[in-house]
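Asks: My file is query-v5.txt. It has compact mmCIF, C-alpha atoms:
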```txt
# COMPACT_ATOMS: atom_id res chain seq x y z
CA MET A 501 -1.80 4.20 23.68
CA ASP A 502 -0.49 7.16 21.70
CA TYR A 503 1.71 6.51 18.65
CA PRO A 504 3.45 9.77 17.66
CA ARG A 505 4.35 10.01 14.00
CA SER A 506 7.93 10.67 15.03
CA GLN A 507 8.14 7.01 16.09
CA ALA A 508 9.90 6.07 12.89
CA ILE A 509 10.29 2.56 11.58
CA VAL A 510 14.02 3.15 11.31
CA GLU A 511 14.05 3.96 15.03
CA LEU A 512 12.10 0.82 15.79
CA MET A 513 14.61 -1.20 13.79
CA ARG A 514 17.49 0.29 15.81
CA GLU A 515 15.98 -0.69 19.16
CA GLU A 516 17.55 -3.79 20.67
CA ARG A 517 14.62 -4.76 22.88
CA HIS A 518 11.68 -5.96 20.83
CA ASP A 519 9.22 -6.38 23.69
CA LEU A 520 5.42 -6.13 23.70
CA PRO A 521 5.32 -2.31 23.66
CA TRP A 522 7.72 -2.43 20.69
CA LEU A 523 5.44 -4.89 18.89
CA LYS A 524 2.44 -2.63 19.40
CA ARG A 525 4.32 0.39 18.06
CA ALA A 526 5.56 -1.66 15.12
CA ALA A 527 2.02 -2.83 14.27
CA GLN A 528 0.80 0.79 14.24
CA ALA A 529 3.76 1.81 12.07
CA ALA A 530 2.91 -1.01 9.65
CA ILE A 531 -0.68 0.26 9.42
CA GLU A 532 0.62 3.71 8.44
CA LEU A 533 3.03 2.20 5.94
CA GLU A 534 0.36 0.09 4.21
CA LEU A 535 -2.10 2.99 4.17
CA SER A 536 0.46 5.22 2.46
CA THR A 537 0.68 2.91 -0.57
CA ILE A 538 -3.05 2.79 -1.27
CA PRO A 539 -3.73 6.34 -2.63
CA PRO A 540 -0.93 6.30 -5.26
CA TYR A 541 -1.93 2.82 -6.41
CA LEU A 542 -5.59 3.85 -6.56
CA CYS A 543 -4.72 6.86 -8.71
CA ALA A 544 -2.84 4.60 -11.10
CA PHE A 545 -5.73 2.13 -11.19
CA TRP A 546 -8.44 4.75 -11.72
CA SER A 547 -6.46 6.38 -14.55
CA ILE A 548 -6.41 3.24 -16.72
CA LEU A 549 -8.82 3.26 -19.68
CA ASP A 550 -8.06 -0.19 -21.17
CA SER A 551 -8.75 -3.66 -19.90
CA GLY A 552 -5.73 -5.93 -19.80
CA ARG A 553 -2.94 -7.25 -17.63
CA ALA A 554 -1.91 -3.85 -16.26
CA LEU A 555 -5.45 -3.12 -15.06
CA THR A 556 -5.71 -6.57 -13.49
CA HIS A 557 -2.35 -6.16 -11.77
CA LEU A 558 -3.33 -2.81 -10.24
CA ARG A 559 -6.72 -4.12 -9.11
CA HIS A 560 -5.09 -7.04 -7.32
CA ILE A 561 -2.34 -4.89 -5.80
CA VAL A 562 -4.82 -2.38 -4.36
CA ARG A 563 -6.91 -5.23 -2.95
CA ASP A 564 -3.82 -6.80 -1.40
CA GLU A 565 -2.64 -3.57 0.21
CA MET A 566 -6.07 -3.01 1.75
CA GLY A 567 -5.92 -6.54 3.12
CA HIS A 568 -2.41 -5.97 4.48
CA MET A 569 -3.51 -2.84 6.31
CA GLY A 570 -6.51 -4.70 7.72
CA LEU A 571 -4.34 -7.57 8.96
CA MET A 572 -2.10 -5.14 10.83
CA CYS A 573 -5.21 -3.50 12.33
CA ASN A 574 -6.32 -6.93 13.51
CA LEU A 575 -2.89 -7.61 14.97
CA LEU A 576 -2.90 -4.35 16.91
CA LYS A 577 -6.48 -4.91 18.05
CA GLY A 578 -5.52 -8.43 19.11
CA LEU A 579 -2.74 -6.90 21.22
CA GLY A 580 -5.31 -4.74 23.00
CA GLU A 581 -4.85 -1.41 21.23
CA VAL A 582 -7.00 0.64 18.84
CA PRO A 583 -5.49 1.42 15.42
CA GLN A 584 -5.05 5.08 14.58
CA ILE A 585 -5.96 5.85 10.98
CA VAL A 586 -7.41 9.33 10.47
CA SER A 587 -4.69 11.18 12.36
CA VAL A 588 -1.90 9.39 10.46
CA ALA A 589 -3.32 9.86 6.96
CA PRO A 590 -0.37 10.33 4.57
CA LYS A 591 0.41 13.56 2.75
CA TYR A 592 1.65 13.69 -0.84
CA PRO A 593 4.16 14.23 -2.23
CA GLY A 594 6.34 12.99 0.58
CA PRO A 595 8.38 10.10 1.97
CA LEU A 596 7.09 6.76 3.10
CA PRO A 597 6.08 6.83 6.78
CA GLY A 598 8.62 5.92 9.39
CA GLY A 599 11.77 6.89 7.51
CA VAL A 600 11.73 3.86 5.21
CA ARG A 601 13.61 4.60 1.98
CA PRO A 602 14.14 8.29 2.87
CA GLU A 603 15.44 9.04 -0.63
CA LEU A 604 12.09 8.04 -2.15
CA THR A 605 9.39 10.65 -2.76
CA VAL A 606 5.93 9.16 -3.21
CA TYR A 607 3.55 11.24 -5.30
CA LEU A 608 0.05 10.97 -6.73
CA SER A 609 -0.40 10.81 -10.50
CA GLY A 610 -1.95 8.73 -13.20
CA LEU A 611 -0.21 5.57 -14.33
CA THR A 612 3.03 6.43 -16.15
CA ILE A 613 6.25 4.57 -16.86
CA GLU A 614 8.02 7.09 -14.63
CA ALA A 615 5.68 6.45 -11.70
CA VAL A 616 5.99 2.68 -12.09
CA GLY A 617 9.79 2.69 -12.21
CA ASP A 618 10.59 5.51 -9.82
CA VAL A 619 7.86 5.06 -7.20
CA TYR A 620 5.83 1.85 -7.25
CA MET A 621 8.70 -0.56 -7.86
CA GLU A 622 10.85 1.30 -5.36
CA ILE A 623 8.16 0.93 -2.69
CA GLU A 624 7.91 -2.82 -3.23
CA LYS A 625 11.56 -3.56 -4.00
CA PRO A 626 12.97 -6.59 -2.13
CA GLU A 627 16.32 -6.65 -0.39
CA HIS A 628 17.73 -8.80 -3.20
CA PRO A 629 15.48 -8.71 -6.29
CA LEU A 630 15.52 -11.84 -8.45
CA ALA A 631 14.86 -9.80 -11.59
CA LEU A 632 16.35 -6.32 -11.67
CA PHE A 633 15.47 -3.34 -13.81
CA ARG A 634 18.19 -1.02 -12.54
CA LEU A 635 21.60 -1.14 -10.95
CA GLU A 636 21.93 -3.40 -7.92
CA GLU A 637 21.34 -1.65 -4.61
CA THR A 638 21.64 -2.56 -0.97
CA PHE A 639 19.14 -1.15 1.51
CA THR A 640 16.74 -2.16 4.23
CA SER A 641 13.48 -3.07 2.54
CA ILE A 642 9.98 -3.01 3.95
CA GLY A 643 10.29 -6.78 4.07
CA LYS A 644 13.09 -6.47 6.64
CA PHE A 645 10.75 -4.52 8.91
CA TYR A 646 8.16 -7.29 8.66
CA GLU A 647 10.87 -9.84 9.40
CA ALA A 648 11.53 -8.00 12.65
CA ILE A 649 7.82 -8.12 13.51
CA SER A 650 7.80 -11.86 12.79
CA ASP A 651 10.81 -12.40 15.03
CA ALA A 652 9.15 -10.44 17.84
CA LEU A 653 5.96 -12.48 17.50
CA THR A 654 7.95 -15.72 17.59
CA ASN A 655 9.96 -14.68 20.64
CA LEU A 656 7.11 -13.12 22.61
CA HIS A 657 4.32 -15.49 21.58
CA PRO A 658 1.73 -12.95 22.79
CA ALA A 659 -1.86 -13.88 23.51
CA LEU A 660 -4.11 -12.35 20.85
CA SER A 661 -7.68 -11.43 21.67
CA THR A 662 -10.15 -11.99 18.84
CA ALA A 663 -12.59 -9.48 20.35
CA GLY A 664 -13.04 -6.59 17.94
CA GLN A 665 -11.04 -8.13 15.10
CA LEU A 666 -12.78 -7.88 11.74
CA THR A 667 -13.04 -9.87 8.52
CA SER A 668 -13.61 -9.16 4.83
CA PRO A 669 -13.52 -11.77 2.06
CA GLN A 670 -13.14 -8.93 -0.47
CA VAL A 671 -9.59 -8.25 0.73
CA GLU A 672 -8.88 -11.64 2.31
CA LEU A 673 -8.97 -10.15 5.81
CA LYS A 674 -9.02 -12.81 8.53
CA VAL A 675 -9.05 -12.93 12.31
CA LEU A 676 -5.64 -13.50 13.92
CA ALA A 677 -6.39 -15.82 16.82
CA SER A 678 -2.87 -17.01 17.55
CA THR A 679 0.79 -16.29 16.98
CA ALA A 680 0.71 -18.82 14.15
CA ASP A 681 -2.10 -16.86 12.47
CA ALA A 682 -0.17 -13.62 12.84
CA LEU A 683 3.00 -15.16 11.43
CA THR A 684 1.05 -16.47 8.44
CA ALA A 685 -0.37 -12.97 7.89
CA ILE A 686 3.10 -11.41 8.01
CA GLU A 687 4.41 -13.98 5.55
CA ARG A 688 1.55 -13.19 3.17
CA ILE A 689 2.27 -9.46 3.36
CA ARG A 690 5.95 -9.97 2.64
CA MET A 691 5.51 -12.55 -0.10
CA GLN A 692 2.75 -10.66 -1.93
CA GLY A 693 4.92 -7.56 -1.99
CA GLU A 694 8.38 -8.96 -2.64
CA GLY A 695 8.15 -12.67 -3.43
CA THR A 696 10.48 -15.13 -1.73
CA SER A 697 14.26 -15.40 -1.73
CA VAL A 698 14.04 -18.07 -4.43
CA SER A 699 10.92 -17.14 -6.38
CA PRO A 700 9.24 -13.92 -7.53
CA PHE A 701 5.86 -15.67 -7.40
CA PHE A 702 3.39 -16.10 -4.54
CA ASN A 703 0.40 -18.41 -4.92
CA GLY A 704 0.99 -18.58 -8.66
CA GLU A 705 1.09 -14.79 -9.20
CA PRO A 706 4.04 -12.42 -9.48
CA ALA A 707 4.65 -10.45 -6.29
CA HIS A 708 3.84 -6.73 -6.47
CA PHE A 709 7.39 -5.70 -7.35
CA TYR A 710 7.38 -8.05 -10.32
CA LYS A 711 3.84 -7.13 -11.42
CA PHE A 712 4.99 -3.54 -11.62
CA GLY A 713 8.10 -4.82 -13.42
CA GLU A 714 5.91 -6.39 -16.11
CA ILE A 715 4.14 -3.06 -16.64
CA PHE A 716 7.47 -1.19 -16.68
CA HIS A 717 9.14 -3.51 -19.17
CA GLY A 718 6.04 -4.32 -21.22
CA LYS A 719 6.85 -8.02 -20.94
CA MET A 720 5.73 -10.87 -18.72
CA LEU A 721 8.15 -12.29 -16.17
CA VAL A 722 9.44 -15.73 -17.17
CA GLU A 723 11.86 -18.26 -15.74
CA SER A 724 14.46 -19.31 -18.30
CA PRO A 725 16.74 -21.11 -17.64
CA PRO A 726 15.56 -22.57 -14.29
CA GLY A 727 16.36 -20.19 -11.45
CA ARG A 728 16.80 -17.14 -13.70
CA PHE A 729 13.92 -14.71 -14.01
CA THR A 730 13.67 -12.05 -16.70
CA PHE A 731 11.04 -9.75 -18.19
CA THR A 732 11.19 -11.35 -21.63
CA GLY A 733 7.85 -13.13 -21.93
CA ASP A 734 4.68 -12.24 -23.82
CA PRO A 735 3.89 -8.55 -24.31
CA VAL A 736 2.19 -6.55 -21.56
CA PRO A 737 0.93 -3.49 -23.45
CA PHE A 738 1.07 -0.23 -21.54
CA PRO A 739 -2.57 0.88 -21.29
CA ALA A 740 -4.18 4.10 -22.44
CA THR A 741 -4.64 6.32 -19.41
CA LEU A 742 -6.20 9.56 -18.26
CA PRO A 743 -3.28 12.05 -18.02
CA MET A 744 -3.51 12.94 -14.33
CA ALA A 745 -0.66 15.31 -13.43
CA LYS A 746 1.46 14.98 -10.31
CA VAL A 747 -0.35 16.49 -7.35
CA PRO A 748 1.67 19.42 -5.92
CA GLN A 749 2.54 19.97 -2.27
CA ASN A 750 -0.59 20.75 -0.21
CA GLY A 751 -2.86 19.63 -3.04
CA TRP A 752 -4.29 21.56 -5.98
CA PRO A 753 -4.25 25.36 -5.51
CA ASN A 754 -7.60 25.48 -7.32
CA ARG A 755 -9.90 23.72 -4.86
CA ASP A 756 -12.82 23.51 -7.29
CA PRO A 757 -11.26 22.78 -10.69
CA ASP A 758 -14.47 21.64 -12.42
CA GLY A 759 -16.83 24.10 -10.73
CA ARG A 760 -18.88 21.22 -9.33
CA GLN A 761 -17.20 20.73 -5.97
CA THR A 762 -15.96 17.34 -7.18
CA LEU A 763 -12.63 17.64 -5.40
CA LYS A 764 -14.39 18.40 -2.13
CA LYS A 765 -16.77 15.49 -2.68
CA PHE A 766 -13.85 13.15 -3.19
CA ASN A 767 -11.94 14.31 -0.12
CA ASP A 768 -15.10 14.22 1.99
CA ALA A 769 -15.62 10.62 0.88
CA TYR A 770 -11.98 9.74 1.57
CA ARG A 771 -12.18 11.26 5.06
CA ALA A 772 -15.41 9.36 5.72
CA VAL A 773 -13.76 6.10 4.66
CA LEU A 774 -10.77 6.63 6.97
CA GLN A 775 -13.07 7.57 9.84
CA GLY A 776 -15.27 4.56 9.13
CA LEU A 777 -12.27 2.23 9.22
CA GLU A 778 -11.05 3.71 12.49
CA ASN A 779 -14.53 3.51 14.01
CA ALA A 780 -14.88 -0.10 12.87
CA TRP A 781 -11.75 -1.22 14.72
CA ARG A 782 -12.37 1.09 17.68
CA THR A 783 -15.79 -0.44 18.30
CA GLY A 784 -15.09 -3.86 16.82
CA THR A 785 -18.23 -3.58 14.70
CA GLN A 786 -18.22 -5.76 11.59
CA ALA A 787 -21.17 -3.93 10.07
CA THR A 788 -19.25 -0.64 10.21
CA LEU A 789 -16.36 -2.16 8.25
CA ASP A 790 -18.74 -3.65 5.68
CA GLN A 791 -20.52 -0.30 5.28
CA THR A 792 -17.21 1.54 4.95
CA ILE A 793 -15.95 -0.78 2.23
CA GLY A 794 -19.23 -0.26 0.39
CA LEU A 795 -18.90 3.50 0.87
CA MET A 796 -15.43 3.44 -0.63
CA VAL A 797 -16.61 1.59 -3.72
CA LEU A 798 -19.64 3.81 -4.21
CA THR A 799 -18.26 7.27 -3.43
CA MET A 800 -14.59 7.50 -4.42
CA ALA A 801 -14.01 6.13 -7.92
CA SER A 802 -16.57 8.30 -9.76
CA PRO A 803 -15.35 11.72 -8.53
CA ALA A 804 -11.74 10.58 -8.91
CA ARG A 805 -12.25 9.78 -12.58
CA ALA A 806 -14.28 12.97 -13.11
CA LEU A 807 -11.31 14.95 -11.79
CA MET A 808 -8.98 12.96 -14.05
CA ARG A 809 -11.02 14.18 -17.01
CA THR A 810 -10.82 17.84 -15.92
CA PRO A 811 -8.14 19.74 -17.92
CA LEU A 812 -5.32 21.33 -15.94
CA GLY A 813 -3.30 22.61 -18.88
CA GLY A 814 -0.27 21.46 -20.80
CA GLY A 815 -1.98 18.24 -21.81
CA LYS A 816 -2.46 17.22 -18.18
CA ASN A 817 -5.56 16.78 -16.06
CA TYR A 818 -6.47 17.10 -12.42
CA GLY A 819 -7.07 14.12 -10.12
CA PRO A 820 -7.81 13.34 -6.48
CA ASP A 821 -5.34 14.80 -3.98
CA PHE A 822 -6.39 12.75 -0.91
CA ILE A 823 -6.42 15.60 1.58
CA VAL A 824 -8.07 14.87 4.93
```
Rewrite the coordinates I just gave you, this time as structure tokens.
Replies:
Amino acid sequence: MDYPRSQAIVELMREERHDLPWLKRAAQAAIELELSTIPPYLCAFWSILDSGRALTHLRHIVRDEMGHMGLMCNLLKGLGEVPQIVSVAPKYPGPLPGGVRPELTVYLSGLTIEAVGDVYMEIEKPEHPLALFRLEETFTSIGKFYEAISDALTNLHPALSTAGQLTSPQVELKVLASTADALTAIERIRMQGEGTSVSPFFNGEPAHFYKFGEIFHGKMLVESPPGRFTFTGDPVPFPATLPMAKVPQNGWPNRDPDGRQTLKKFNDAYRAVLQGLENAWRTGTQATLDQTIGLMVLTMASPARALMRTPLGGGKNYGPDFIV
């Protein structure tokens, strides 16, 4: 089945009939959406020089987003389709896939207060945040899209094949053998990103929006009095970081900024990871997924950080531009 990129999430949300073809298109759209969050969060993570709560938060968020993408790949595979990954690789700077939050421009840079407040928190922002850092807004959040997927699963109760689904304890990726499994996966994705309607915590940890809020405010999220959540707890120091500049449209004009082909090495590794993930779900081969995860760990972080130490000028440095 072909999933053109023009099949926007906003269009899916406007459709009245949420049948099985709709569910398959929605699962592919969710894969693209989750994939689009990983490069900016990785850049933020790789840029951090200090240990501490901010580093831990980013590590967990990146792990969660990889798991979310994998769960949606398993859902689509369970519905009898092969996830597309390489051909839908995101481009930066640009909007989130599918027309979600069209006013938001997602860019690649090192961790900065601006990036946390203007990009990361905006990506994860719930429909009705329990602890706000800006003026109240009303919009359709990513969580609303996942609600629609949950409703479709509940109404259709589709049979899910486990053939070709994959697992990874590193990112808490599990096989979805039933509608109940799929609904649990959707709930995890929503709650880890946004929290619940009554709590900003999921399994004892702040949801992604609130983890970014702690970094933005420099304070831990606390509940005081009961039912009221504010960023007024213990300090969360903003870490020292490598000053990676914002990546311009179409990537860095200088394609070899350090004279060592490091940018090419990074993008070659990134492309290989995306291709490995697609091959893993296309063939249903667990070993391919395991090898790809290992490849990502071994081949991407080192050139990314080398680029982040390469001077660009004006007190800024280069960084990975994630061009396929």
Asks: Which region 770-822 of chain A residues have any atom within 10 Å of an atom of region 538-562 of chain A, and for each, what is the nearest pair of atoms with distance in Å to one decimal, counting all atoms listed in the file, rows sorted by chain and number, as a Markdown table?
Replies:
```
| residue | atom | partner | partner_atom | distance |
| --- | --- | --- | --- | --- |
| A:Tyr770 | CA | A:Pro539 | CA | 9.9 |
| A:Met800 | CA | A:Trp546 | CA | 9.9 |
| A:Ala801 | CA | A:Trp546 | CA | 6.9 |
| A:Ser802 | CA | A:Trp546 | CA | 9.1 |
| A:Ala804 | CA | A:Trp546 | CA | 7.3 |
| A:Arg805 | CA | A:Trp546 | CA | 6.4 |
| A:Met808 | CA | A:Ser547 | CA | 7.1 |
| A:Arg809 | CA | A:Ser547 | CA | 9.4 |
| A:Gly819 | CA | A:Cys543 | CA | 7.8 |
| A:Pro820 | CA | A:Cys543 | CA | 7.5 |
| A:Asp821 | CA | A:Pro539 | CA | 8.7 |
| A:Phe822 | CA | A:Pro539 | CA | 7.1 |
```
Asks: Hey, which of A:Ala648, A:Val824, A:Val722, A:Glu714 ends up closest to Phe766 (chain A)? Count all atoms listed in the file.
Replies: A:Val824
Asks: What's around Tyr646 (chain A) at 7 Å? Count only C-alpha atoms, leave out sequence neighbours fewer than 4 positions away in its own chain, and write the answer as an NGL selection string.
Replies: :A and (642 or 650 or 686 or 690)
Asks: Residues near region 528-535 of chain A, anyone? I mean within 6 Å using only C-alpha atoms, not counting same-chain ones fewer than 5 positions away, as a list in words.
Replies: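 Listing them by chain and then by number gives Met569, Met572 and Pro597 of chain A.
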Asks: Hey, what's within 8 Å of Asp734 (chain A) if we count only C-alpha atoms and toss same-chain stuff fewer than 2 positions away? As an MDAnalysis selection string, please?
Replies: chainID A and resid 719:720 732 736
Asks: Report the distance between CA of Lys711 (chain A) and CA of Arg728 (chain A) in Å, rounded to one decimal place.
Replies: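 The value is 16.5 Å.
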Asks: Residues around (-4.9, 1.3, 18.0), cut-off 9 Å, counting all atoms listed in the file - what are they as a list of chain:residue names?
Replies: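 With a cut-off of 9 Å, the residues come to A:Met501, A:Asp502, A:Tyr503, A:Lys524, A:Ala527, A:Gln528, A:Cys573, A:Leu576, A:Lys577, A:Gly580, A:Glu581, A:Val582, A:Pro583, A:Gln584, A:Ile585, A:Glu778, A:Trp781, A:Arg782.
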Asks: Smallest atom-to-atom distance to Glu694 (chain A): which of A:Leu660, A:Ala707, A:Ala589, A:Val510, using only C-alpha atoms?
Replies: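 Closest residue, counting only C-alpha atoms: A:Ala707.
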Asks: What separation in Å, quoted to one decimal, exists between CA of Pro658 (chain A) and CA of Met566 (chain A)?
Replies: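 Those two atoms sit 24.5 Å apart.
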Asks: Do you know which residues are at most 10 Å from Gln786 (chain A) counting all atoms listed in the file, after dropping those on the same chain fewer than 5 positions away, and could you put them as an MDAnalysis selection string?
Replies: chainID A and resid 664:668 780:781 791:792
Asks: Restricting the calculation to all atoms listed in the file, which member of A:Gly594, A:Gly759, A:Pro706, A:Gly776 is positioned closest to Leu795 (chain A)?
Replies: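 Of A:Gly594, A:Gly759, A:Pro706, A:Gly776, the one nearest Leu795 (chain A), counting all atoms listed in the file, is A:Gly776.
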Asks: Pick out the residues sitting within 7 Å of region 602-611 of chain A, and hand them over as a list in words; count all atoms listed in the file, and ignore anything fewer than 5 positions along from it in its own chain.
Replies: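 In the requested format, the answer is Pro540, Cys543, Ala544, Ser547, Tyr592, Pro593, Gly594, Pro595, Leu596, Val619, Thr741, Leu742, Pro743, Met744, Ala745, Lys746 and Val747 of chain A.
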Asks: Restricting the output to C-alpha atoms, write the selected residues as a CSV table (one decimal), in the frame of the given file.
Replies:
```csv
chain,number,residue,atom,x,y,z
A,540,PRO,CA,-0.9,6.3,-5.3
A,543,CYS,CA,-4.7,6.9,-8.7
A,544,ALA,CA,-2.8,4.6,-11.1
A,547,SER,CA,-6.5,6.4,-14.6
A,592,TYR,CA,1.6,13.7,-0.8
A,593,PRO,CA,4.2,14.2,-2.2
A,594,GLY,CA,6.3,13.0,0.6
A,595,PRO,CA,8.4,10.1,2.0
A,596,LEU,CA,7.1,6.8,3.1
A,619,VAL,CA,7.9,5.1,-7.2
A,741,THR,CA,-4.6,6.3,-19.4
A,742,LEU,CA,-6.2,9.6,-18.3
A,743,PRO,CA,-3.3,12.0,-18.0
A,744,MET,CA,-3.5,12.9,-14.3
A,745,ALA,CA,-0.7,15.3,-13.4
A,746,LYS,CA,1.5,15.0,-10.3
A,747,VAL,CA,-0.4,16.5,-7.4
```
Asks: Given only C-alpha atoms as the basis, pick out the residue of A:Gly813, A:Gly567, A:Phe702, A:Phe712 nearest to Asp618 (chain A).
Replies: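 Ranked by minimum distance to Asp618 (chain A), first place goes to A:Phe712.
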